[in-house]
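Listing of entry.cif; format and content: mmCIF, C-alpha atoms.
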data_run
#
loop_
_atom_site.label_atom_id
_atom_site.label_comp_id
_atom_site.auth_asym_id
_atom_site.auth_seq_id
_atom_site.Cartn_x
_atom_site.Cartn_y
_atom_site.Cartn_z
CA MET B 63 0.00 0.00 0.00
CA GLU B 64 2.76 2.39 0.99
CA GLU B 65 4.43 2.47 -2.40
CA ASN B 66 1.09 3.34 -3.95
CA ARG B 67 0.66 6.44 -1.84
CA ILE B 68 1.21 9.35 -4.12
CA ASN B 69 0.07 12.45 -2.33
CA GLU B 70 -1.31 13.70 0.96
CA ILE B 71 -2.33 17.07 2.37
CA LYS B 72 -3.56 18.43 5.66
CA LEU B 73 -5.41 21.73 5.96
CA GLU B 74 -6.27 23.23 9.31
CA PHE B 75 -8.57 26.23 9.48
CA GLU B 76 -10.89 28.21 11.70
CA ALA B 77 -14.55 27.14 11.68
CA VAL B 78 -15.93 30.25 10.01
CA SER B 79 -18.19 30.18 6.98
CA GLU B 80 -15.67 32.05 4.78
CA ASN B 81 -13.52 28.93 4.91
CA GLU B 82 -16.15 26.67 3.33
CA ALA B 83 -15.07 27.97 -0.07
CA LEU B 84 -11.40 27.67 0.88
CA ALA B 85 -11.73 24.01 1.85
CA ARG B 86 -13.58 22.95 -1.29
CA VAL B 87 -11.23 24.86 -3.57
CA VAL B 88 -8.21 23.25 -1.89
CA ALA B 89 -9.79 19.81 -2.31
CA ALA B 90 -10.45 20.55 -5.98
CA ALA B 91 -6.90 21.83 -6.48
CA PHE B 92 -5.56 18.67 -4.83
CA ILE B 93 -7.03 16.49 -7.59
CA ALA B 94 -6.91 19.03 -10.39
CA GLY B 95 -3.59 17.65 -11.62
CA LEU B 96 -5.35 14.42 -12.55
CA ASN B 97 -7.37 14.53 -15.71
CA VAL B 98 -10.73 14.10 -13.99
CA THR B 99 -14.05 15.29 -15.37
CA VAL B 100 -15.58 18.61 -14.33
CA ASP B 101 -18.44 16.63 -12.80
CA GLU B 102 -16.10 14.61 -10.57
CA LEU B 103 -14.38 17.81 -9.51
CA GLU B 104 -17.75 19.36 -8.63
CA ASP B 105 -18.81 16.20 -6.77
CA VAL B 106 -15.77 16.45 -4.52
CA LYS B 107 -16.25 20.19 -3.99
CA THR B 108 -19.89 19.72 -3.03
CA ALA B 109 -19.20 16.86 -0.60
CA VAL B 110 -16.37 18.79 1.09
CA SER B 111 -18.55 21.87 1.32
CA GLU B 112 -21.32 19.85 3.02
CA ALA B 113 -18.99 18.24 5.56
CA VAL B 114 -17.23 21.51 6.41
CA THR B 115 -20.55 23.36 6.72
CA ASN B 116 -21.77 20.64 9.11
CA ALA B 117 -18.64 21.02 11.25
CA ILE B 118 -19.11 24.80 11.44
CA ILE B 119 -22.87 24.87 12.04
CA HIS B 120 -23.51 21.68 14.00
CA GLY B 121 -20.11 20.68 15.40
CA TYR B 122 -19.13 24.13 16.63
CA LYS B 123 -22.60 25.74 16.75
CA GLU B 124 -21.18 28.66 14.75
CA CYS B 125 -18.99 29.68 17.70
CA GLY B 126 -15.69 28.82 16.05
CA GLY B 127 -13.14 26.08 16.56
CA THR B 128 -10.67 24.23 14.39
CA VAL B 129 -11.56 22.13 11.39
CA VAL B 130 -9.02 19.77 9.86
CA MET B 131 -9.19 18.41 6.35
CA ASN B 132 -6.97 15.44 5.47
CA ALA B 133 -6.86 14.32 1.88
CA VAL B 134 -4.98 11.36 0.47
CA LEU B 135 -4.66 10.33 -3.14
CA LYS B 136 -3.61 6.77 -3.91
CA LYS B 137 -3.01 5.25 -7.28
CA GLU B 138 -4.92 2.01 -7.58
CA SER B 139 -4.28 1.07 -11.18
CA ALA B 140 -3.04 2.65 -14.38
CA ASP B 141 -6.12 4.83 -14.71
CA THR B 142 -7.75 4.76 -11.28
CA TYR B 143 -7.02 6.79 -8.19
CA LEU B 144 -8.64 6.59 -4.79
CA LEU B 145 -9.30 9.92 -3.13
CA THR B 146 -9.89 9.92 0.60
CA VAL B 147 -11.04 13.07 2.36
CA GLU B 148 -11.56 13.41 6.08
CA ILE B 149 -13.20 16.40 7.69
CA CYS B 150 -12.57 16.45 11.43
CA ASP B 151 -13.90 18.67 14.19
CA THR B 152 -13.68 18.50 17.96
CA GLY B 153 -17.12 19.98 18.49
CA VAL B 154 -20.27 18.73 20.19
CA GLY B 155 -20.46 15.47 18.23
CA ILE B 156 -23.52 13.60 17.02
CA GLU B 157 -25.56 11.49 19.40
CA ASP B 158 -27.32 9.38 16.81
CA VAL B 159 -25.30 9.21 13.61
CA GLU B 160 -27.78 6.99 11.80
CA LYS B 161 -30.59 9.45 12.45
CA ALA B 162 -28.45 12.43 11.49
CA MET B 163 -27.68 10.83 8.14
CA GLN B 164 -31.32 10.35 7.17
CA PRO B 165 -32.45 12.57 4.30
CA MET B 166 -34.35 15.66 5.43
CA PHE B 167 -33.32 15.19 9.06
CA THR B 168 -32.08 18.46 10.51
CA THR B 169 -31.56 20.03 13.89
CA GLY B 170 -30.96 23.34 12.14
CA LEU B 171 -34.54 24.23 11.22
CA GLU B 172 -34.22 27.74 12.60
CA HIS B 173 -31.24 28.26 10.28
CA GLU B 174 -33.22 26.83 7.38
CA ARG B 175 -30.99 23.86 6.80
CA SER B 176 -32.41 21.47 4.25
CA GLY B 177 -31.30 18.29 6.00
CA MET B 178 -29.71 17.10 2.79
CA GLY B 179 -26.04 17.49 3.70
CA PHE B 180 -25.23 13.82 4.32
CA SER B 181 -27.44 12.78 1.39
CA PHE B 182 -25.37 15.03 -0.88
CA MET B 183 -22.13 13.57 0.48
CA GLU B 184 -23.42 10.06 -0.13
CA ALA B 185 -24.68 10.94 -3.59
CA PHE B 186 -21.39 12.49 -4.72
CA MET B 187 -18.84 10.22 -3.04
CA ASP B 188 -18.53 6.44 -3.25
CA LYS B 189 -18.29 5.90 0.47
CA VAL B 190 -19.16 8.06 3.50
CA ARG B 191 -18.44 6.96 7.05
CA VAL B 192 -19.12 9.07 10.11
CA VAL B 193 -17.42 8.51 13.44
CA SER B 194 -18.69 10.72 16.22
CA SER B 195 -19.10 10.83 19.95
CA PRO B 196 -20.86 13.49 22.02
CA ASN B 197 -18.54 16.25 23.25
CA MET B 198 -15.56 14.64 21.50
CA GLY B 199 -16.19 15.62 17.91
CA THR B 200 -16.90 14.17 14.52
CA VAL B 201 -14.87 12.70 11.69
CA VAL B 202 -16.49 12.43 8.28
CA HIS B 203 -14.52 9.98 6.15
CA MET B 204 -15.27 10.04 2.44
CA GLU B 205 -13.87 8.09 -0.48
CA LYS B 206 -14.18 8.52 -4.19
CA ARG B 207 -12.64 6.53 -6.99
CA LEU B 208 -11.44 8.77 -9.77
CA LYS B 209 -11.02 7.56 -13.30
CA VAL B 210 -8.28 9.32 -15.21
CA TYR B 211 -8.69 9.50 -18.94
CA ASP B 212 -5.23 10.22 -20.20
CA GLU B 213 -2.51 9.78 -17.64
CA ARG B 214 0.29 11.26 -19.69
CA GLN B 215 -1.26 14.71 -19.85
CA MET P 78 -25.73 43.72 -1.09
CA GLU P 79 -23.71 46.58 -2.54
CA SER P 80 -25.47 46.09 -5.84
CA LYS P 81 -28.85 45.25 -4.41
CA ALA P 82 -30.70 46.84 -7.31
CA ARG P 83 -29.10 44.44 -9.74
CA GLU P 84 -29.43 41.36 -7.58
CA TYR P 85 -32.99 41.86 -6.40
CA ALA P 86 -35.65 43.20 -8.73
CA ILE P 87 -39.40 43.22 -8.53
CA ILE P 88 -41.24 42.77 -11.80
CA ASP P 89 -45.02 42.76 -11.40
CA ASN P 90 -45.49 40.63 -8.32
CA TYR P 91 -42.40 38.54 -8.98
CA LEU P 92 -39.28 38.97 -6.86
CA CYS P 93 -36.30 38.08 -9.05
CA ILE P 94 -33.19 37.11 -7.13
CA LYS P 95 -29.90 36.91 -8.97
CA MET P 96 -28.05 34.13 -7.18
CA PRO P 97 -24.29 34.54 -6.59
CA THR P 98 -21.56 32.56 -8.36
CA GLU P 99 -21.26 30.21 -5.40
CA VAL P 100 -24.31 29.40 -3.29
CA ASP P 101 -23.23 27.98 0.07
CA HIS P 102 -23.91 28.45 3.78
CA HIS P 103 -21.62 31.49 3.83
CA LYS P 104 -23.72 33.29 1.24
CA ALA P 105 -27.09 31.99 2.45
CA ALA P 106 -27.72 34.42 5.32
CA GLY P 107 -27.33 37.52 3.13
CA ILE P 108 -29.63 36.17 0.45
CA ARG P 109 -32.25 35.19 3.03
CA GLU P 110 -32.21 38.57 4.73
CA CYS P 111 -32.50 40.59 1.53
CA ALA P 112 -35.16 38.35 0.06
CA ASP P 113 -37.27 38.34 3.21
CA ARG P 114 -37.07 42.11 3.59
CA MET P 115 -38.34 42.51 0.05
CA ILE P 116 -41.05 39.90 0.50
CA LEU P 117 -42.34 41.92 3.47
CA ASP P 118 -41.84 45.39 2.05
CA ASP P 119 -43.18 45.00 -1.39
CA LYS P 120 -45.96 42.45 -1.19
CA VAL P 121 -44.21 40.02 -3.46
CA LYS P 122 -46.29 37.05 -4.53
CA ASN P 123 -43.93 34.84 -6.52
CA ILE P 124 -40.16 34.33 -6.43
CA VAL P 125 -37.76 33.67 -9.29
CA PHE P 126 -34.26 32.44 -8.43
CA ASP P 127 -31.95 33.28 -11.32
CA PHE P 128 -28.96 30.92 -11.45
CA GLU P 129 -27.36 32.45 -14.54
CA ASP P 130 -24.10 33.31 -12.71
CA THR P 131 -24.11 30.28 -10.44
CA THR P 132 -21.47 27.61 -10.96
CA PHE P 133 -21.54 26.04 -7.50
CA MET P 134 -24.35 25.17 -5.11
CA ASP P 135 -24.50 22.85 -2.12
CA SER P 136 -27.48 21.87 0.04
CA SER P 137 -27.52 25.37 1.59
CA GLY P 138 -29.15 26.49 -1.66
CA LEU P 139 -31.99 24.06 -1.08
CA GLY P 140 -32.47 25.55 2.39
CA ILE P 141 -32.81 29.03 0.89
CA ILE P 142 -35.41 27.86 -1.62
CA ILE P 143 -37.41 25.80 0.91
CA GLY P 144 -37.45 28.72 3.37
CA ARG P 145 -38.73 31.23 0.79
CA TYR P 146 -41.26 28.71 -0.49
CA ARG P 147 -42.67 28.37 3.04
CA LYS P 148 -43.02 32.14 3.28
CA ILE P 149 -44.95 32.68 0.07
CA SER P 150 -46.75 29.41 -0.62
CA CYS P 151 -49.38 30.00 2.06
CA PHE P 152 -50.48 33.05 0.04
CA GLY P 153 -50.64 31.05 -3.16
CA GLY P 154 -47.23 32.17 -4.42
CA LYS P 155 -44.97 30.10 -6.63
CA VAL P 156 -41.21 29.60 -6.78
CA TYR P 157 -39.21 29.28 -9.98
CA ALA P 158 -35.58 28.52 -10.80
CA VAL P 159 -34.31 29.90 -14.11
CA ASN P 160 -31.06 29.72 -16.08
CA THR P 161 -29.84 26.69 -14.16
CA ASN P 162 -26.87 24.85 -15.60
CA GLU P 163 -27.01 21.10 -16.10
CA ARG P 164 -25.59 20.31 -12.68
CA ILE P 165 -27.89 22.61 -10.74
CA THR P 166 -30.89 21.33 -12.68
CA ARG P 167 -29.87 17.82 -11.63
CA LEU P 168 -29.36 18.86 -8.00
CA LEU P 169 -32.83 20.35 -7.86
CA THR P 170 -34.44 17.39 -9.60
CA THR P 171 -32.76 14.56 -7.70
CA SER P 172 -33.27 16.22 -4.33
CA GLY P 173 -37.02 16.35 -4.94
CA MET P 174 -37.11 20.16 -5.00
CA THR P 175 -39.12 20.10 -8.19
CA SER P 176 -42.18 19.24 -6.09
CA ILE P 177 -42.13 22.81 -4.77
CA ILE P 178 -40.37 24.74 -7.52
CA GLU P 179 -40.61 24.88 -11.25
CA VAL P 180 -37.28 24.69 -13.05
CA VAL P 181 -37.29 26.74 -16.25
CA SER P 182 -34.05 26.21 -18.12
#

Any chance you could put this one into structure tokens?
Amino acid sequence: MEENRINEIKLEFEAVSENEALARVVAAAFIAGLNVTVDELEDVKTAVSEAVTNAIIHGYKECGGTVVMNAVLKKESADTYLLTVEICDTGVGIEDVEKAMQPMFTTGLEHERSGMGFSFMEAFMDKVRVVSSPNMGTVVHMEKRLKVYDERQ
Amino acid sequence: MESKAREYAIIDNYLCIKMPTEVDHHKAAGIRECADRMILDDKVKNIVFDFEDTTFMDSSGLGIIIGRYRKISCFGGKVYAVNTNERITRLLTTSGMTSIIEVVS
């Protein structure tokens, strides 16, 4: 596995809404060197945006804190890469992860949240796993397999 | 908000909102505030979200639309999305938003 690791980044930033755009642009830039489709790029941006927004609004209740984004890119075969993105916060955590991941479920009604954040992450990434414990924080682990069309470019 | 006149226009009883390039949680509060002020002030009946400039939207955009729909639908108002690109059209369709808004591309 180790020899297949090709790239890894870690981004640490303050949990303020301005940084939602920063995080998704960094994630996009991280894979931009591969010849992925615009749609795949947008999928990753959207999923990262959802996870970071959750950390800011729900994890830290919009009172600030530190969000960490880890991204790893591994080559799996000649034309396939596996992207792993983790969005971590040390906020209030989620009591019932299964319930939180249900479509339309939201605790943010007063902020007009749609309750579709996790559904979007699941729709745009191949795998989404959430590890959370109350008052400890939340890690959203996402994976997406990226098909590269012409490696030599 | 600096160019409010361009971003928010009332034509007949339609409030037309020019959505920003990127619609996310960061931008949502400003859009909500401006839209709701105009809904109150000017007796708007229907709302048109114009996505002509929009290249990115996450689920925060759905929250904006659902919230405005709740405000005007009880008075018989309708919500429209216009000039949506292929991706935003798909986001609105697959998330079931088309049951409350009409997408005019």

The PyMOL selection byres ((chain P) within 10 of (chain B)) - which residues does that actually catch in the file I just gave you? List them as a PyMOL selection string.
chain P and resi 99-106+109+132-145+164+168+171-172

Residues within 7 Å of region 152-158 of chain P, all atoms listed in the file, excluding chain neighbours under 6 positions, as a list in words
Lys122, Asn123, Ile124, Val125, Phe126, Asp127, Tyr146, Ile178, Glu179, Val180 and Val181 of chain P

I would like the residues chosen by the PyMOL selection byres ((chain B and resi 72) around 10) on the shown file; could you give them as an MDAnalysis selection string?
chainID B and resid 70:71 73:74 130:134 147:148

Kindly give the distance, in Å, that separates CA of Thr170 (chain P) and CA of Glu129 (chain P), rounded to a single decimal.
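Separation of CA of Thr170 (chain P) and CA of Glu129 (chain P): 17.4 Å.
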
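Residues in contact with Val159 (chain B) at 8 Å, where all atoms listed in the file are counted and same-chain residues fewer than 4 positions away are skipped, are listed as B:Met163, B:Val192, B:Val193, B:Ser194.
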
Who sits within 9 Å of Ala140 (chain B), all atoms listed in the file, same chain under 2 positions skipped, as a list in words:
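After dropping sequence-adjacent residues, the list is Lys137, Glu138, Thr142, Tyr143, Val210 and Glu213 of chain B.
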
Decode the PyMOL selection byres ((chain P and resi 81-92) around 9) for the given file into explicit residues and return them as an MDAnalysis selection string.
chainID P and resid 78:80 93:97 111:112 115:116 119:126

One number please: CA of Asp188 (chain B) to CA of Glu205 (chain B), in Å, one decimal.
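These two atoms are separated by 5.7 Å.
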
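By only C-alpha atoms, and with residues fewer than 5 positions from Leu144 (chain B) along its chain excluded, the set lying at most 6 Å from it is Leu135, Lys136, Lys206 and Arg207 of chain B.
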
What gap, in Å, lies between CA of Asn162 (chain P) and CA of Thr168 (chain B)?
27.4 Å

Quick one: 4 Å padding each side, axis-aligned, all listed atoms of region 145-154 of chain P - centre and edge lengths in Å to one decimal, as JSON?
{"center_x": -44.7, "center_y": 30.7, "center_z": -0.6, "size_x": 19.9, "size_y": 12.7, "size_z": 15.7}

Taking all atoms listed in the file into account, name the residue in B:Met198, B:Leu145, B:Ala89, B:Val100 that is nearest to Glu163 (chain P).
B:Val100

For Leu103 (chain B), please output as number ranges by chain all residues within 8 Å (counting all atoms listed in the file; exclusion window: fewer than 5 positions along the same chain).
B: 90, 93-94, 98
